[in-house]
Amino acid sequence: QLYPVESGGGAVQAGGSLRLSCAVSGYSPYSAYCMAWFRQAPGKEREGVASIAPGGGWTYYADAVQGRFTISRDNDARTLSLQMNKLQLEDTGIYFCAAQTYRGTCSLNLERGDFAFWGQGTQVTVSS
């Protein structure tokens with residue numbers, strides 16, 4: 001069992017930056033899981049933002065955030081981070097940290113059904 005807790009959300013003007021953090025407690029080995037960030041805008045479905053492999057050596061980004069966001073993890077501290085730069089209005093939403101059971105690959109595909117643990121989310125609001 002893992003218990004992710006997000007922090008770092010807030011309000012920022014377009015073009016600005018925010019850094020989200022996710023602290024993961026629980027008795028399961030954090031370093032055995034892929035970790036990912038998802039977001040959900042009002043009236044829209046939850047979408048994947050970025051994913052990182054258990055060891056941190058592989059990352060993947062959604063096209064919408066490629067080149068602007070950076071995902072990272074600290075397995076000793078059991079934390080996950082998302083550095084968000086050049087924020088756009090479209091980045092507004094609730095951001096969730098999620099742990100994915102590792103089965104050889106990591107992904108942002110919710111249809112795999114293997115995102116076992118989710119945080120409650122942190123709000124990011126980008127204004128003009």
# chains A, B, ... in the order shown; residues from 1 in each chain; ligands from 1

$ closest_atom_pairs --of "region 13-47 of chain A" --to "region 94-98 of chain A" --cutoff "8 Å" --atoms "only C-alpha atoms" --output "Markdown table"
| residue | atom | partner | partner_atom | distance |
| --- | --- | --- | --- | --- |
| A:Cys22 | CA | A:Cys97 | CA | 6.4 |
| A:Met35 | CA | A:Ala98 | CA | 5.8 |
| A:Ala36 | CA | A:Ala98 | CA | 5.3 |
| A:Trp37 | CA | A:Cys97 | CA | 4.8 |
| A:Phe38 | CA | A:Phe96 | CA | 5.0 |
| A:Arg39 | CA | A:Tyr95 | CA | 4.2 |
| A:Gln40 | CA | A:Ile94 | CA | 5.2 |
| A:Ala41 | CA | A:Ile94 | CA | 6.4 |

$ residues_around --residues "Glu90 (chain A)" --least-positions-apart "6" --cutoff "10 Å" --atoms "only C-alpha atoms" --output "ChimeraX atom specification"
/A:14,41,64,125-127

$ residues_around --residues "Ala11 (chain A)" --least-positions-apart "6" --cutoff "12 Å" --atoms "only C-alpha atoms" --output "JSON, numbers by chain"
{"A": [17, 18, 19, 87, 88, 89, 91, 92, 93, 94, 122, 123, 124, 125, 126, 127, 128]}

$ residues_around --residues "Cys106 (chain A)" --least-positions-apart "4" --cutoff "9 Å" --atoms "only C-alpha atoms" --output "compact mmCIF listing (two decimals) with N, CA and C atoms, in the first residue's frame"
# COMPACT_ATOMS: atom_id res chain seq x y z
N TYR A 33 7.86 0.99 -8.08
CA TYR A 33 6.74 1.48 -8.86
C TYR A 33 7.15 2.53 -9.87
N CYS A 34 6.50 2.48 -11.04
CA CYS A 34 6.50 3.64 -11.92
C CYS A 34 5.69 4.71 -11.20
N MET A 35 6.07 5.96 -11.42
CA MET A 35 5.30 7.07 -10.86
C MET A 35 4.90 8.02 -11.99
N ALA A 36 3.78 8.65 -11.80
CA ALA A 36 3.27 9.52 -12.86
C ALA A 36 2.51 10.70 -12.28
N SER A 51 5.53 10.54 -16.87
CA SER A 51 5.77 9.25 -16.22
C SER A 51 7.27 9.06 -16.02
N ILE A 52 7.62 8.31 -14.96
CA ILE A 52 9.03 8.04 -14.70
C ILE A 52 9.18 6.60 -14.22
N ALA A 53 10.24 5.96 -14.69
CA ALA A 53 10.49 4.56 -14.35
C ALA A 53 10.90 4.41 -12.89
N PRO A 54 10.83 3.21 -12.36
CA PRO A 54 11.17 3.01 -10.95
C PRO A 54 12.54 3.52 -10.56
N TRP A 58 14.26 6.56 -16.99
CA TRP A 58 13.39 6.72 -18.17
C TRP A 58 12.25 7.63 -17.79
N THR A 59 11.95 8.57 -18.68
CA THR A 59 10.82 9.47 -18.47
C THR A 59 10.04 9.60 -19.77
N TYR A 60 8.79 9.98 -19.62
CA TYR A 60 7.92 10.19 -20.79
C TYR A 60 7.01 11.36 -20.49
N GLN A 100 2.16 3.35 -10.36
CA GLN A 100 1.78 2.33 -11.32
C GLN A 100 2.58 1.05 -11.07
N THR A 101 1.89 -0.05 -11.01
CA THR A 101 2.59 -1.33 -10.86
C THR A 101 3.51 -1.54 -12.04
N TYR A 102 4.76 -1.86 -11.75
CA TYR A 102 5.74 -2.02 -12.82
C TYR A 102 5.67 -3.43 -13.38

$ residues_around --residues "Leu80 (chain A)" --least-positions-apart "6" --cutoff "6 Å" --atoms "only C-alpha atoms" --output "PyMOL selection string"
chain A and resi 21-22+72-73

$ atom_distance --atom1 "CA of Ala99 (chain A)" --atom2 "CA of Arg46 (chain A)"
15.1 Å

$ closest_residue --among "A:Ser7, A:Val49, A:Ala23, A:Gly67" --to "Thr79 (chain A)" --atoms "only C-alpha atoms"
A:Ala23

$ atom_distance --atom1 "CA of Lys44 (chain A)" --atom2 "CA of Asn109 (chain A)"
16.2 Å

$ closest_residue --among "A:Leu20, A:Trp118, A:Tyr61, A:Ser28" --to "Gly8 (chain A)" --atoms "only C-alpha atoms"
A:Leu20

$ select_by_dssp --residues "region 13-128 of chain A" --states "strand (DSSP E)" --output "ChimeraX atom specification"
/A:13,18-25,33-40,47-52,59-61,69-74,79-84,93-101,115-118,122-127

$ residues_around --residues "Thr70 (chain A)" --least-positions-apart "4" --cutoff "7 Å" --atoms "only C-alpha atoms" --output "list in words"
Leu82, Gln83 and Met84 of chain A

$ select_by_dssp --residues "chain A" --states "helix (DSSP H, G or I)" --output "MDAnalysis selection string"
chainID A and resid 30:32 89:91 110:112

$ write_last_selection --atoms "all heavy atoms" --output "CSV table (one decimal), in the first residue's frame"
chain,number,residue,atom,x,y,z
A,30,TYR,N,8.6,1.9,-2.5
A,30,TYR,CA,8.4,3.0,-3.5
A,30,TYR,C,9.2,2.8,-4.7
A,30,TYR,O,8.7,3.1,-5.8
A,30,TYR,CB,8.7,4.3,-2.8
A,30,TYR,CG,8.7,5.5,-3.7
A,30,TYR,CD1,7.5,6.0,-4.2
A,30,TYR,CD2,9.9,6.2,-4.0
A,30,TYR,CE1,7.5,7.1,-5.0
A,30,TYR,CE2,9.8,7.3,-4.9
A,30,TYR,CZ,8.6,7.8,-5.3
A,30,TYR,OH,8.6,8.9,-6.2
A,31,SER,N,10.4,2.3,-4.6
A,31,SER,CA,11.3,2.2,-5.8
A,31,SER,C,10.9,1.1,-6.7
A,31,SER,O,11.5,1.0,-7.8
A,31,SER,CB,12.7,2.0,-5.3
A,31,SER,OG,12.8,0.8,-4.5
A,32,ALA,N,9.9,0.4,-6.4
A,32,ALA,CA,9.4,-0.7,-7.3
A,32,ALA,C,8.3,-0.2,-8.2
A,32,ALA,O,7.9,-1.0,-9.1
A,32,ALA,CB,8.9,-1.9,-6.4
A,89,LEU,N,-2.4,28.8,-19.9
A,89,LEU,CA,-3.7,28.7,-19.4
A,89,LEU,C,-4.3,27.3,-19.4
A,89,LEU,O,-5.0,26.9,-18.5
A,89,LEU,CB,-4.7,29.6,-20.2
A,89,LEU,CG,-4.3,31.1,-20.2
A,89,LEU,CD1,-5.3,31.9,-21.0
A,89,LEU,CD2,-4.3,31.7,-18.8
A,90,GLU,N,-3.9,26.6,-20.4
A,90,GLU,CA,-4.4,25.2,-20.6
A,90,GLU,C,-3.8,24.2,-19.6
A,90,GLU,O,-4.3,23.1,-19.5
A,90,GLU,CB,-4.0,24.7,-22.0
A,90,GLU,CG,-4.7,25.5,-23.1
A,90,GLU,CD,-4.0,26.8,-23.4
A,90,GLU,OE1,-2.8,27.0,-23.0
A,90,GLU,OE2,-4.7,27.7,-23.9
A,91,ASP,N,-2.8,24.7,-18.8
A,91,ASP,CA,-2.3,23.8,-17.8
A,91,ASP,C,-3.1,23.8,-16.5
A,91,ASP,O,-2.8,23.1,-15.5
A,91,ASP,CB,-0.8,24.2,-17.4
A,91,ASP,CG,0.1,24.0,-18.6
A,91,ASP,OD1,0.0,23.0,-19.3
A,91,ASP,OD2,1.0,24.9,-18.9
A,110,LEU,N,-4.3,4.9,-18.8
A,110,LEU,CA,-5.2,4.6,-17.7
A,110,LEU,C,-5.9,3.2,-18.0
A,110,LEU,O,-6.3,2.6,-17.1
A,110,LEU,CB,-6.2,5.7,-17.5
A,110,LEU,CG,-5.6,6.9,-16.8
A,110,LEU,CD1,-6.7,8.0,-16.8
A,110,LEU,CD2,-5.3,6.6,-15.3
A,111,GLU,N,-6.0,2.9,-19.3
A,111,GLU,CA,-6.8,1.7,-19.6
A,111,GLU,C,-6.0,0.4,-19.2
A,111,GLU,O,-6.6,-0.7,-19.1
A,111,GLU,CB,-7.1,1.7,-21.1
A,111,GLU,CG,-8.0,2.7,-21.6
A,111,GLU,CD,-8.4,2.7,-23.0
A,111,GLU,OE1,-7.8,1.8,-23.7
A,111,GLU,OE2,-9.2,3.5,-23.5
A,112,ARG,N,-4.8,0.5,-18.9
A,112,ARG,CA,-4.0,-0.6,-18.4
A,112,ARG,C,-4.6,-1.0,-17.0
A,112,ARG,O,-4.4,-2.2,-16.6
A,112,ARG,CB,-2.5,-0.3,-18.3
A,112,ARG,CG,-1.8,-0.4,-19.6
A,112,ARG,CD,-0.3,-0.1,-19.5
A,112,ARG,NE,0.4,-0.6,-18.4
A,112,ARG,CZ,1.7,-0.7,-18.3
A,112,ARG,NH1,2.4,-0.2,-19.3
A,112,ARG,NH2,2.3,-1.2,-17.2
